[in-house]
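One file, target-v2.cif, carrying mmCIF, C-alpha atoms:
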```cif
data_upload
loop_
_atom_site.label_atom_id
_atom_site.label_comp_id
_atom_site.auth_asym_id
_atom_site.auth_seq_id
_atom_site.Cartn_x
_atom_site.Cartn_y
_atom_site.Cartn_z
CA MET A 1 0.00 0.00 0.00
CA THR A 2 1.43 3.36 -1.03
CA VAL A 3 1.52 6.37 1.24
CA ILE A 4 -1.07 8.11 -0.94
CA THR A 5 -3.44 5.14 -0.75
CA PHE A 6 -2.98 4.91 3.02
CA ALA A 7 -3.71 8.65 3.35
CA ALA A 8 -6.85 8.27 1.26
CA TYR A 9 -8.14 5.45 3.46
CA LEU A 10 -7.26 7.40 6.60
CA ILE A 11 -9.11 10.50 5.42
CA GLY A 12 -12.03 8.32 4.36
CA ALA A 13 -12.17 6.70 7.80
CA VAL A 14 -12.26 10.14 9.44
CA CYS A 15 -15.10 11.14 7.10
CA VAL A 16 -17.08 8.10 8.26
CA LEU A 17 -16.46 9.22 11.84
CA VAL A 18 -17.72 12.69 10.90
CA VAL A 19 -20.94 11.20 9.50
CA VAL A 20 -21.47 9.35 12.79
CA GLU A 21 -20.82 12.58 14.71
CA CYS A 22 -23.46 14.35 12.62
CA ALA A 23 -25.99 11.66 13.53
CA VAL A 24 -25.14 12.05 17.24
CA PHE A 25 -25.48 15.83 16.92
CA TRP A 26 -29.00 15.66 15.49
CA ARG A 27 -30.06 13.03 18.00
CA ASN A 28 -28.92 15.16 20.92
CA LEU A 29 -30.36 18.31 19.37
CA SER A 30 -33.76 16.64 19.12
CA HIS A 31 -33.66 16.19 22.92
CA LEU A 32 -33.09 19.94 23.54
CA ARG A 33 -36.68 20.99 24.24
CA PRO A 34 -37.56 24.69 23.83
CA LEU A 35 -39.00 26.01 27.08
CA ALA A 36 -41.11 28.46 25.08
CA ASN A 37 -43.07 25.51 23.65
CA GLU A 38 -43.94 24.03 27.05
CA ARG A 39 -47.39 24.67 28.50
CA SER A 40 -47.02 23.58 32.12
CA PRO A 41 -49.91 24.32 34.50
CA ASP A 42 -49.53 27.15 36.99
CA PRO A 43 -48.54 25.90 40.45
CA ALA A 44 -50.99 26.25 43.32
CA ARG A 45 -48.63 28.86 44.77
CA TRP A 46 -45.85 30.77 43.07
CA PRO A 47 -42.72 30.26 45.21
CA ARG A 48 -40.45 33.18 45.98
CA VAL A 49 -37.51 33.46 43.56
CA SER A 50 -34.21 35.21 44.25
CA ILE A 51 -32.33 36.27 41.13
CA ILE A 52 -28.64 36.55 41.95
CA VAL A 53 -26.53 38.55 39.49
CA ALA A 54 -22.80 39.16 39.81
CA ALA A 55 -21.08 41.80 37.68
CA ARG A 56 -17.85 43.71 37.32
CA ASP A 57 -17.42 46.71 35.00
CA GLU A 58 -20.52 46.09 32.89
CA ALA A 59 -22.06 49.57 32.93
CA ASP A 60 -22.37 49.57 29.13
CA SER A 61 -24.78 46.63 28.98
CA VAL A 62 -26.25 46.02 32.41
CA GLY A 63 -28.92 48.72 32.51
CA ALA A 64 -31.30 47.36 29.89
CA ALA A 65 -30.71 43.78 31.07
CA ILE A 66 -31.65 44.61 34.67
CA ALA A 67 -34.68 46.57 33.48
CA SER A 68 -35.85 43.45 31.65
CA ARG A 69 -35.55 41.46 34.87
CA LEU A 70 -37.67 43.91 36.82
CA ALA A 71 -40.23 44.14 34.02
CA ASP A 72 -41.02 40.47 34.55
CA ASP A 73 -44.52 39.71 35.82
CA TYR A 74 -43.41 37.04 38.28
CA PRO A 75 -45.49 37.62 41.46
CA ASP A 76 -42.84 37.03 44.17
CA LEU A 77 -39.42 38.13 43.08
CA GLU A 78 -36.28 39.68 44.52
CA LEU A 79 -33.20 40.70 42.58
CA ILE A 80 -29.88 40.65 44.40
CA PHE A 81 -27.25 42.43 42.35
CA VAL A 82 -23.67 42.02 43.55
CA ASP A 83 -21.32 44.71 42.23
CA ASP A 84 -17.93 42.99 42.31
CA ARG A 85 -15.35 45.78 42.63
CA SER A 86 -16.53 47.67 39.55
CA THR A 87 -14.69 50.82 38.53
CA ASP A 88 -17.02 52.05 35.77
CA GLY A 89 -20.23 52.96 37.57
CA THR A 90 -21.95 49.60 37.18
CA GLY A 91 -23.74 49.99 40.50
CA ALA A 92 -25.06 53.45 39.63
CA THR A 93 -26.30 52.18 36.28
CA VAL A 94 -28.20 49.37 37.99
CA ARG A 95 -29.70 51.76 40.52
CA ASP A 96 -30.88 54.06 37.74
CA ALA A 97 -32.34 51.16 35.75
CA ALA A 98 -34.28 49.95 38.81
CA ALA A 99 -35.83 53.41 39.28
CA GLY A 100 -36.50 52.80 42.97
CA ASP A 101 -37.96 49.30 42.54
CA ALA A 102 -38.07 47.82 46.06
CA ARG A 103 -37.40 44.31 44.71
CA LEU A 104 -33.78 45.25 43.95
CA ARG A 105 -31.10 44.78 46.58
CA LEU A 106 -27.77 46.19 45.48
CA ILE A 107 -24.62 45.26 47.37
CA ARG A 108 -20.99 46.05 46.62
CA ILE A 109 -17.81 44.08 47.21
CA ASP A 110 -14.69 46.22 47.57
CA GLU A 111 -12.14 43.54 48.46
CA LEU A 112 -11.81 39.99 47.19
CA PRO A 113 -11.13 37.38 49.88
CA GLN A 114 -7.97 35.31 49.43
CA GLY A 115 -8.55 32.05 47.59
CA TRP A 116 -11.76 33.05 45.77
CA LEU A 117 -12.61 33.91 42.19
CA GLY A 118 -14.44 37.22 42.05
CA LYS A 119 -17.59 35.91 40.39
CA VAL A 120 -17.88 32.85 42.64
CA ASN A 121 -17.39 34.97 45.75
CA ALA A 122 -20.09 37.38 44.53
CA LEU A 123 -22.56 34.53 43.94
CA HIS A 124 -21.74 33.16 47.39
CA ARG A 125 -22.50 36.54 48.96
CA GLY A 126 -25.74 36.70 47.01
CA VAL A 127 -26.88 33.31 48.32
CA GLN A 128 -26.24 34.43 51.89
CA LEU A 129 -28.67 37.32 51.40
CA ALA A 130 -31.29 35.50 49.32
CA THR A 131 -34.69 34.67 50.82
CA GLY A 132 -36.18 32.76 47.89
CA GLU A 133 -37.28 29.15 47.71
CA TRP A 134 -35.67 29.11 44.28
CA LEU A 135 -32.36 30.70 43.26
CA LEU A 136 -31.69 31.96 39.75
CA PHE A 137 -27.99 32.51 39.04
CA SER A 138 -27.64 34.66 35.96
CA ASP A 139 -25.02 36.81 34.25
CA ALA A 140 -25.51 40.56 34.24
CA ASP A 141 -25.92 40.95 30.46
CA VAL A 142 -28.82 38.50 30.03
CA PHE A 143 -32.11 39.88 28.68
CA VAL A 144 -35.31 38.01 29.50
CA VAL A 145 -38.80 38.41 28.07
CA ARG A 146 -41.82 38.98 30.25
CA GLY A 147 -43.16 35.67 31.55
CA ALA A 148 -39.91 33.70 31.10
CA LEU A 149 -39.50 33.08 34.82
CA ARG A 150 -43.12 31.94 35.18
CA ARG A 151 -42.58 29.37 32.44
CA ALA A 152 -39.36 28.10 34.03
CA ILE A 153 -40.82 27.76 37.53
CA ALA A 154 -44.04 26.16 36.28
CA TYR A 155 -42.07 23.64 34.22
CA ALA A 156 -39.66 22.84 37.07
CA ILE A 157 -42.51 22.20 39.51
CA ALA A 158 -44.59 20.21 37.01
CA GLU A 159 -41.61 18.00 36.11
CA ASP A 160 -40.37 17.77 39.74
CA LEU A 161 -36.98 19.24 38.82
CA ASP A 162 -34.37 20.68 41.14
CA MET A 163 -32.48 22.64 38.48
CA ILE A 164 -32.99 24.03 34.99
CA ALA A 165 -29.99 25.02 32.87
CA LEU A 166 -31.45 27.22 30.14
CA VAL A 167 -29.35 27.75 27.01
CA PRO A 168 -30.12 31.32 25.89
CA GLU A 169 -30.06 32.92 22.48
CA PHE A 170 -26.57 34.18 21.72
CA ARG A 171 -25.96 37.39 19.84
CA THR A 172 -22.57 38.62 18.65
CA GLY A 173 -21.54 41.61 16.61
CA SER A 174 -19.29 39.76 14.16
CA VAL A 175 -19.98 37.18 11.48
CA LEU A 176 -16.60 35.60 12.25
CA VAL A 177 -17.49 35.22 15.92
CA ASP A 178 -20.84 33.77 14.85
CA ALA A 179 -18.95 31.17 12.82
CA ALA A 180 -16.77 30.34 15.82
CA TRP A 181 -19.84 30.19 18.07
CA ALA A 182 -21.40 27.67 15.69
CA HIS A 183 -18.41 25.45 16.45
CA PHE A 184 -19.00 25.84 20.18
CA MET A 185 -22.69 24.99 19.88
CA ARG A 186 -21.89 21.98 17.72
CA ALA A 187 -19.35 20.74 20.26
CA LEU A 188 -21.85 21.26 23.09
CA ALA A 189 -24.49 19.21 21.28
CA LEU A 190 -21.98 16.44 20.60
CA LEU A 191 -20.73 16.28 24.18
CA VAL A 192 -24.00 16.78 26.05
CA ASP A 193 -27.21 14.87 25.46
CA PRO A 194 -30.03 16.72 27.31
CA LYS A 195 -31.75 13.38 27.88
CA ALA A 196 -28.65 12.07 29.66
CA VAL A 197 -28.49 15.23 31.80
CA THR A 198 -31.92 14.41 33.27
CA ASP A 199 -31.12 10.70 33.68
CA PRO A 200 -29.94 10.17 37.29
CA THR A 201 -27.96 7.06 36.26
CA ARG A 202 -25.79 9.03 33.80
CA ARG A 203 -22.83 11.22 34.74
CA THR A 204 -23.58 13.84 32.06
CA VAL A 205 -23.95 17.32 33.58
CA ILE A 206 -24.50 20.84 32.33
CA GLY A 207 -24.94 24.36 33.61
CA SER A 208 -25.70 27.76 32.13
CA GLY A 209 -24.09 30.92 33.42
CA SER A 210 -26.90 32.82 31.76
CA PHE A 211 -29.74 30.99 33.50
CA ASN A 212 -29.16 28.40 36.25
CA LEU A 213 -32.43 28.02 38.17
CA VAL A 214 -31.98 25.91 41.32
CA ARG A 215 -34.36 24.83 44.05
CA ARG A 216 -33.03 26.24 47.35
CA SER A 217 -33.45 22.94 49.22
CA ALA A 218 -31.44 21.12 46.53
CA PHE A 219 -28.70 23.75 46.61
CA GLU A 220 -28.42 23.39 50.37
CA ARG A 221 -27.68 19.67 49.94
CA THR A 222 -24.53 20.60 47.98
CA PRO A 223 -21.24 21.89 49.42
CA GLY A 224 -22.17 25.33 48.05
CA PHE A 225 -20.00 27.90 46.36
CA GLU A 226 -17.30 27.48 48.98
CA HIS A 227 -16.57 24.20 47.22
CA LEU A 228 -16.23 26.06 43.90
CA ARG A 229 -14.36 29.12 45.12
CA LEU A 230 -11.56 28.69 42.51
CA GLU A 231 -13.56 26.93 39.79
CA THR A 232 -13.54 28.88 36.49
CA GLY A 233 -16.33 26.67 35.12
CA ASP A 234 -18.64 27.47 38.03
CA ASP A 235 -21.86 27.20 36.00
CA VAL A 236 -21.32 23.59 34.89
CA ALA A 237 -19.77 22.69 38.24
CA LEU A 238 -22.96 23.89 39.94
CA GLY A 239 -24.96 21.47 37.80
CA LYS A 240 -22.57 18.70 38.77
CA MET A 241 -22.94 19.50 42.47
CA VAL A 242 -26.73 19.45 42.27
CA LYS A 243 -26.78 16.16 40.38
CA ASP A 244 -24.18 14.58 42.67
CA ALA A 245 -26.38 15.55 45.63
CA GLY A 246 -29.31 13.64 44.15
CA GLY A 247 -31.01 16.55 42.41
CA THR A 248 -32.83 16.29 39.10
CA VAL A 249 -31.46 18.54 36.38
CA ALA A 250 -32.83 19.50 32.96
CA MET A 251 -31.21 21.27 30.03
CA LEU A 252 -33.63 23.35 27.94
CA ASN A 253 -33.48 25.67 24.94
CA GLY A 254 -34.18 29.26 25.96
CA ARG A 255 -34.67 30.68 22.47
CA GLY A 256 -37.38 33.31 22.53
CA LEU A 257 -37.19 33.71 26.31
CA ALA A 258 -33.63 34.74 27.18
CA ARG A 259 -30.77 36.16 25.16
CA VAL A 260 -27.27 37.39 25.78
CA ALA A 261 -25.11 39.71 23.69
CA MET A 262 -21.51 38.61 23.75
CA TYR A 263 -18.26 39.10 21.88
CA ARG A 264 -19.03 42.04 19.62
CA SER A 265 -15.67 41.56 17.89
CA VAL A 266 -12.93 38.98 17.40
CA GLY A 267 -10.82 40.87 19.94
CA GLU A 268 -13.56 40.60 22.58
CA TYR A 269 -13.87 36.88 21.87
CA LEU A 270 -10.13 36.31 22.30
CA ARG A 271 -10.08 38.22 25.58
CA GLY A 272 -13.24 36.49 26.77
CA VAL A 273 -11.83 32.96 26.46
CA GLU A 274 -8.49 33.74 28.11
CA LYS A 275 -9.62 32.40 31.48
CA ASN A 276 -10.21 28.97 29.94
CA GLY A 277 -6.50 28.45 29.42
CA SER A 278 -6.03 27.25 32.98
CA SER A 279 -7.77 23.95 32.18
CA LEU A 280 -5.07 23.12 29.63
CA ALA A 281 -2.02 24.73 31.22
CA ASP A 282 -1.21 21.71 33.43
CA ARG A 283 -0.21 19.80 30.28
CA PRO A 284 2.96 20.36 28.21
CA PHE A 285 2.24 23.06 25.67
CA ALA A 286 3.69 20.97 22.84
CA LEU A 287 1.13 18.27 23.67
CA VAL A 288 -1.66 20.86 23.64
CA LEU A 289 -0.56 22.06 20.20
CA ALA A 290 -0.40 18.47 18.91
CA ALA A 291 -3.92 17.83 20.17
CA PHE A 292 -5.25 20.96 18.45
CA ALA A 293 -3.43 20.02 15.23
CA ALA A 294 -5.11 16.61 15.33
CA LEU A 295 -8.47 18.28 15.98
CA LEU A 296 -8.04 20.55 12.97
CA ALA A 297 -7.07 17.57 10.79
CA ILE A 298 -10.28 15.79 11.81
CA GLU A 299 -12.45 18.88 11.35
CA TYR A 300 -11.11 19.56 7.86
CA ALA A 301 -11.15 15.92 6.68
CA PRO A 302 -14.45 16.28 4.73
CA LEU A 303 -13.04 19.30 2.90
CA ALA A 304 -9.73 17.54 2.24
CA ALA A 305 -11.47 14.38 0.99
CA THR A 306 -13.68 16.35 -1.40
CA ILE A 307 -10.75 18.30 -2.84
CA ALA A 308 -8.52 15.20 -3.12
CA GLY A 309 -11.28 13.24 -4.84
CA ALA A 310 -12.03 16.08 -7.25
CA LEU A 311 -8.32 16.37 -8.18
CA GLY A 312 -8.08 12.77 -9.34
CA GLY A 313 -8.37 10.70 -6.19
CA PRO A 314 -10.57 7.62 -5.87
CA ILE A 315 -14.20 8.22 -6.78
CA TRP A 316 -15.29 6.70 -3.47
CA LEU A 317 -13.22 9.34 -1.63
CA LEU A 318 -14.92 12.11 -3.62
CA ALA A 319 -18.37 10.70 -2.84
CA LEU A 320 -17.63 10.17 0.85
CA GLY A 321 -16.02 13.58 1.15
CA ALA A 322 -18.93 15.32 -0.55
CA VAL A 323 -21.50 13.61 1.69
CA SER A 324 -19.58 14.33 4.91
CA LEU A 325 -18.92 17.92 3.78
CA MET A 326 -22.61 18.59 3.14
CA LEU A 327 -23.60 17.02 6.46
CA THR A 328 -20.94 19.00 8.33
CA THR A 329 -22.10 22.26 6.77
CA ALA A 330 -25.72 21.43 7.63
CA VAL A 331 -24.69 20.69 11.23
CA PHE A 332 -22.93 24.03 11.67
CA CYS A 333 -25.87 25.90 10.18
CA SER A 334 -28.25 23.96 12.47
CA ALA A 335 -26.07 24.72 15.51
CA LEU A 336 -26.57 28.43 14.87
CA TRP A 337 -30.23 28.18 13.90
CA VAL A 338 -31.36 26.35 17.03
CA ASN A 339 -30.44 29.29 19.23
CA THR A 340 -30.31 32.33 16.98
CA HIS A 341 -32.63 31.68 14.03
CA THR A 342 -29.71 32.65 11.79
CA TRP A 343 -27.67 30.17 9.80
CA ALA A 344 -25.58 31.94 7.15
CA ALA A 345 -22.44 32.20 9.33
CA GLY A 346 -22.50 28.41 9.59
CA LEU A 347 -21.37 28.31 5.96
CA LEU A 348 -18.09 29.81 7.18
CA TRP A 349 -17.47 26.89 9.50
CA PRO A 350 -13.84 26.28 8.30
CA VAL A 351 -13.00 29.83 9.42
CA GLY A 352 -15.02 29.41 12.62
CA VAL A 353 -13.21 26.21 13.52
CA ALA A 354 -9.83 27.88 13.03
CA LEU A 355 -10.87 30.90 15.12
CA MET A 356 -12.26 28.77 17.94
CA VAL A 357 -9.14 26.58 18.06
CA PHE A 358 -6.85 29.62 17.88
CA GLY A 359 -8.68 31.31 20.74
CA VAL A 360 -8.44 28.32 23.06
CA ALA A 361 -4.83 27.55 22.07
CA ARG A 362 -3.91 31.20 22.66
CA SER A 363 -5.51 31.10 26.10
CA ALA A 364 -3.45 28.01 26.96
CA TYR A 365 -0.27 29.69 25.72
CA LEU A 366 -0.94 32.84 27.75
CA ALA A 367 -1.64 30.78 30.87
CA HIS A 368 1.66 28.92 30.36
CA ARG A 369 3.60 32.15 29.78
CA ARG A 370 2.02 34.09 32.66
CA GLY A 371 1.88 31.18 35.07
CA GLY A 372 -1.79 31.92 35.62
CA VAL A 373 -4.82 33.73 34.23
CA VAL A 374 -6.25 37.22 34.60
CA TRP A 375 -10.00 37.29 35.18
CA ARG A 376 -12.12 40.26 36.23
CA GLY A 377 -9.00 42.28 36.90
CA THR A 378 -7.36 39.74 39.24
CA PHE A 379 -4.41 37.44 38.56
CA TYR A 380 -4.79 33.81 39.67
CA PRO A 381 -1.71 31.52 39.72
CA LEU A 382 -2.11 28.18 37.98
CA GLU A 383 -1.25 26.22 41.10
CA GLU A 384 -4.10 27.88 42.94
CA LEU A 385 -6.58 27.25 40.11
CA HIS A 386 -5.58 23.62 39.65
CA GLU A 387 -5.96 22.98 43.36
CA GLY A 388 -9.43 24.51 43.29
CA ARG A 389 -10.68 22.76 40.15
CA ARG A 390 -13.86 20.76 40.78
CA PHE A 391 -14.98 19.94 37.24
CA THR A 392 -13.23 18.62 34.14
CA LEU A 393 -14.58 17.25 30.88
#
```
Write out the structure in this file as structure tokens.
Amino acid sequence: MTVITFAAYLIGAVCVLVVVECAVFWRNLSHLRPLANERSPDPARWPRVSIIVAARDEADSVGAAIASRLADDYPDLELIFVDDRSTDGTGATVRDAAAGDARLRLIRIDELPQGWLGKVNALHRGVQLATGEWLLFSDADVFVVRGALRRAIAYAIAEDLDMIALVPEFRTGSVLVDAAWAHFMRALALLVDPKAVTDPTRRTVIGSGSFNLVRRSAFERTPGFEHLRLETGDDVALGKMVKDAGGTVAMLNGRGLARVAMYRSVGEYLRGVEKNGSSLADRPFALVLAAFAALLAIEYAPLAATIAGALGGPIWLLALGAVSLMLTTAVFCSALWVNTHTWAAGLLWPVGVALMVFGVARSAYLAHRRGGVVWRGTFYPLEELHEGRRFTL
């Protein structure tokens, strides 16, 4: 067997794997139920809900998002906003947006305790002040439509759930970032089957920093945020804690109910993923690069097979490459459509894959070079982060 023949069979085998991945993607996607389509009955009594929001230097976007929270028609609601050492007037913006609404409780943190991530410490402080029977942990830039919380609570009670992780609509300001985000959504659907999340016999877990709704009694069975004080993936780790404590968790599609604007440019995207480098920085950087190179080779196999077949390769390679290329393109377009109702950026998936891989590889390189990561204006050494890690894929 010649080297060229071996390469053709290898690329063909990867294309078969890609076809299988596409089937897994659509199976898992079919299990992601849109909350907006559910018609759960109203509970006999609406339980009190505490929305806990942590923010640092988000004055540009937080006002309208907080106003949308307080415009909700939920009958028993409190909003605890934790201003985590902001320097840009975030707290004043929130106060203005609330316009004297008594449901808002605004607190400020001026100093970060040793051994805590800023966001996790802020959420911990919020829990200590909350009086609700349910806790909604949500990022500061999330917009919700009127009635979204009613739907979530009604569904959770009707289905006897302890936690709902709602995947919101994502909005970016760049078609390139949209293409990269399609890669993220595709990877999420491949890794996480919503049906397995709800199954108590499966280890699959999920969380949503945009909308993690947790029953207070279930949260109190977990070790709490003290257990996660140095966990950069606190949203997914919260889902793991709840499930490990015997809670029932569901992953739902929040399209039409909640949305978040993120990464308005490629530069914002690159800065936003920098904190993720700590999860890879405990491995030799050469090994990390080799892994990403292998990932790119797999991702581009359908494209390579199609081109090789068209340039005189085996006809079977052309056919297999064309089929896997069409399926891959359809998957990326579907990954965008399910949350955004846009799909065109999915056609740029080769660019999106490269941008996503570059962003994560860059974050790993910076973590290696700096010996830690900078998040919310604070430097965290790698040793400290690795010791505090509670969740890994």
Determine the residue membership of the PyMOL selection byres ((chain A and resi 92-107) around 9) for the file above and supply it as an mmCIF file with C-alpha atoms, keeping the file's coordinate frame.
```
data_model
loop_
_atom_site.group_PDB
_atom_site.id
_atom_site.type_symbol
_atom_site.label_atom_id
_atom_site.label_comp_id
_atom_site.auth_asym_id
_atom_site.auth_seq_id
_atom_site.Cartn_x
_atom_site.Cartn_y
_atom_site.Cartn_z
ATOM 1 C CA ALA A 59 -22.060 49.570 32.930
ATOM 2 C CA ASP A 60 -22.370 49.570 29.130
ATOM 3 C CA VAL A 62 -26.250 46.020 32.410
ATOM 4 C CA GLY A 63 -28.920 48.720 32.510
ATOM 5 C CA ALA A 64 -31.300 47.360 29.890
ATOM 6 C CA ALA A 65 -30.710 43.780 31.070
ATOM 7 C CA ILE A 66 -31.650 44.610 34.670
ATOM 8 C CA ALA A 67 -34.680 46.570 33.480
ATOM 9 C CA LEU A 70 -37.670 43.910 36.820
ATOM 10 C CA LEU A 77 -39.420 38.130 43.080
ATOM 11 C CA GLU A 78 -36.280 39.680 44.520
ATOM 12 C CA LEU A 79 -33.200 40.700 42.580
ATOM 13 C CA ILE A 80 -29.880 40.650 44.400
ATOM 14 C CA PHE A 81 -27.250 42.430 42.350
ATOM 15 C CA VAL A 82 -23.670 42.020 43.550
ATOM 16 C CA ASP A 83 -21.320 44.710 42.230
ATOM 17 C CA ASP A 84 -17.930 42.990 42.310
ATOM 18 C CA GLY A 89 -20.230 52.960 37.570
ATOM 19 C CA THR A 90 -21.950 49.600 37.180
ATOM 20 C CA GLY A 91 -23.740 49.990 40.500
ATOM 21 C CA ARG A 108 -20.990 46.050 46.620
ATOM 22 C CA ILE A 109 -17.810 44.080 47.210
ATOM 23 C CA GLY A 126 -25.740 36.700 47.010
#
```
Show me as a PyMOL selection string the residues that reach within 9 Å of (-30.1, 36.2, 23.7), counting all atoms listed in the file and using the file's own coordinates.
-> chain A and resi 142-144+168-171+254-262+339-340
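Proximity to A:Trp26 was assessed for A:Ala305, A:Ala319, A:Ala335, A:Leu149 counting all atoms listed in the file; the smallest distance is recorded for A:Ala335.
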Need the neighbours of (-9.4, 18.5, 42.3): which residues are at most 12 Å away, counting only C-alpha atoms, as an mmCIF file with C-alpha atoms, in the coordinates of the input?
```cif
data_model
loop_
_atom_site.group_PDB
_atom_site.id
_atom_site.type_symbol
_atom_site.label_atom_id
_atom_site.label_comp_id
_atom_site.auth_asym_id
_atom_site.auth_seq_id
_atom_site.Cartn_x
_atom_site.Cartn_y
_atom_site.Cartn_z
ATOM 1 C CA HIS A 227 -16.570 24.200 47.220
ATOM 2 C CA LEU A 228 -16.230 26.060 43.900
ATOM 3 C CA LEU A 230 -11.560 28.690 42.510
ATOM 4 C CA GLU A 231 -13.560 26.930 39.790
ATOM 5 C CA ALA A 237 -19.770 22.690 38.240
ATOM 6 C CA SER A 279 -7.770 23.950 32.180
ATOM 7 C CA GLU A 383 -1.250 26.220 41.100
ATOM 8 C CA GLU A 384 -4.100 27.880 42.940
ATOM 9 C CA LEU A 385 -6.580 27.250 40.110
ATOM 10 C CA HIS A 386 -5.580 23.620 39.650
ATOM 11 C CA GLU A 387 -5.960 22.980 43.360
ATOM 12 C CA GLY A 388 -9.430 24.510 43.290
ATOM 13 C CA ARG A 389 -10.680 22.760 40.150
ATOM 14 C CA ARG A 390 -13.860 20.760 40.780
ATOM 15 C CA PHE A 391 -14.980 19.940 37.240
ATOM 16 C CA THR A 392 -13.230 18.620 34.140
#
```
Evaluating the PyMOL selection byres ((chain A and resi 336) around 8) on the displayed file yields which residues, as a PyMOL selection string?
-> chain A and resi 178+181-182+185+332-335+337-343+345-346
Would you kindly return, as a PyMOL selection string, each protein, DNA or RNA residue with an atom no farther than 6 Å from any atom of stretch 357-366 of chain A, considering only C-alpha atoms and excluding same-chain residues fewer than 5 positions away?
-> chain A and resi 270+274+277+280-281
Using all atoms listed in the file, which of A:Ser68, A:Ser210, A:Ser50, A:Gln128 sits nearest A:Glu226?
-> A:Gln128
Computed interatomic separation between atom CA of A:Val273 and atom CA of A:Glu58 (Å) | 17.0 Å
Shell of 7 Å around A:Ala165, all atoms listed in the file, local chain residues under 3 positions omitted, as an MDAnalysis selection string = chainID A and resid 206:208 211:213 250:252
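Separating atom CA of A:Pro200 from atom CA of A:Met163 is a distance of 12.8 Å.
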10 Å contact set for A:Ile298, all atoms listed in the file, chain neighbours under 2 positions out, as a compact mmCIF listing (two decimals) with C-alpha atoms, in the coordinates of the input:
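around-v8.txt was written with the following content:
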```
# COMPACT_ATOMS: atom_id res chain seq x y z
CA ILE A 11 -9.11 10.50 5.42
CA VAL A 14 -12.26 10.14 9.44
CA CYS A 15 -15.10 11.14 7.10
CA LEU A 17 -16.46 9.22 11.84
CA VAL A 18 -17.72 12.69 10.90
CA PHE A 292 -5.25 20.96 18.45
CA ALA A 293 -3.43 20.02 15.23
CA ALA A 294 -5.11 16.61 15.33
CA LEU A 295 -8.47 18.28 15.98
CA LEU A 296 -8.04 20.55 12.97
CA TYR A 300 -11.11 19.56 7.86
CA ALA A 301 -11.15 15.92 6.68
CA PRO A 302 -14.45 16.28 4.73
CA LEU A 303 -13.04 19.30 2.90
CA ALA A 304 -9.73 17.54 2.24
```
Which residue of A:Glu133, A:Asp160, A:Glu299, A:Glu220 approaches A:Val242 most closely, using only C-alpha atoms = A:Glu220
Of the candidates A:Thr378, A:Ser265, A:Asn276, A:Asn253, which one gets nearest to A:Glu38 if we count only C-alpha atoms?
-> A:Asn253
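Candidate residues A:Ile153, A:Arg283, A:Arg125, A:Asn28 were compared for distance to A:Leu188, and the nearest is A:Asn28, using all atoms listed in the file.
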Excluding A:Val205 and any residue of its chain fewer than 2 positions from it, enumerate the residues within 7 Å of it, using all atoms listed in the file, and give them as an MDAnalysis selection string.
-> chainID A and resid 197 203 236 239:240
I need the chosen residues saved as a PDB file, keeping the file's coordinate frame, with C-alpha atoms.
```
ATOM      1  CA  VAL A 197     -28.490  15.230  31.800  1.00  0.00           C
ATOM      2  CA  ARG A 203     -22.830  11.220  34.740  1.00  0.00           C
ATOM      3  CA  VAL A 236     -21.320  23.590  34.890  1.00  0.00           C
ATOM      4  CA  GLY A 239     -24.960  21.470  37.800  1.00  0.00           C
ATOM      5  CA  LYS A 240     -22.570  18.700  38.770  1.00  0.00           C
TER       6      LYS A 240
END
```
How far is it from atom CA of A:Val167 to atom CA of A:Ser324, in Å with one decimal?
-> 27.6 Å
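Counting only C-alpha atoms, A:Phe379 has the following residues at most 12 Å away, ignoring those fewer than 3 positions along the same chain: Leu112, Gln114, Gly115, Trp116, Leu117, Gly118, Leu230, Glu274, Lys275, Ser278, Ala367, Arg370, Gly371, Gly372, Val373, Val374, Trp375, Arg376, Leu382, Glu383, Glu384 and Leu385 of chain A.
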With C-alpha atoms kept, could you save the residues just selected as a PDB file, in the coordinates of the input?
```pdb
ATOM      1  CA  LEU A 112     -11.810  39.990  47.190  1.00  0.00           C
ATOM      2  CA  GLN A 114      -7.970  35.310  49.430  1.00  0.00           C
ATOM      3  CA  GLY A 115      -8.550  32.050  47.590  1.00  0.00           C
ATOM      4  CA  TRP A 116     -11.760  33.050  45.770  1.00  0.00           C
ATOM      5  CA  LEU A 117     -12.610  33.910  42.190  1.00  0.00           C
ATOM      6  CA  GLY A 118     -14.440  37.220  42.050  1.00  0.00           C
ATOM      7  CA  LEU A 230     -11.560  28.690  42.510  1.00  0.00           C
ATOM      8  CA  GLU A 274      -8.490  33.740  28.110  1.00  0.00           C
ATOM      9  CA  LYS A 275      -9.620  32.400  31.480  1.00  0.00           C
ATOM     10  CA  SER A 278      -6.030  27.250  32.980  1.00  0.00           C
ATOM     11  CA  ALA A 367      -1.640  30.780  30.870  1.00  0.00           C
ATOM     12  CA  ARG A 370       2.020  34.090  32.660  1.00  0.00           C
ATOM     13  CA  GLY A 371       1.880  31.180  35.070  1.00  0.00           C
ATOM     14  CA  GLY A 372      -1.790  31.920  35.620  1.00  0.00           C
ATOM     15  CA  VAL A 373      -4.820  33.730  34.230  1.00  0.00           C
ATOM     16  CA  VAL A 374      -6.250  37.220  34.600  1.00  0.00           C
ATOM     17  CA  TRP A 375     -10.000  37.290  35.180  1.00  0.00           C
ATOM     18  CA  ARG A 376     -12.120  40.260  36.230  1.00  0.00           C
ATOM     19  CA  LEU A 382      -2.110  28.180  37.980  1.00  0.00           C
ATOM     20  CA  GLU A 383      -1.250  26.220  41.100  1.00  0.00           C
ATOM     21  CA  GLU A 384      -4.100  27.880  42.940  1.00  0.00           C
ATOM     22  CA  LEU A 385      -6.580  27.250  40.110  1.00  0.00           C
TER      23      LEU A 385
END
```
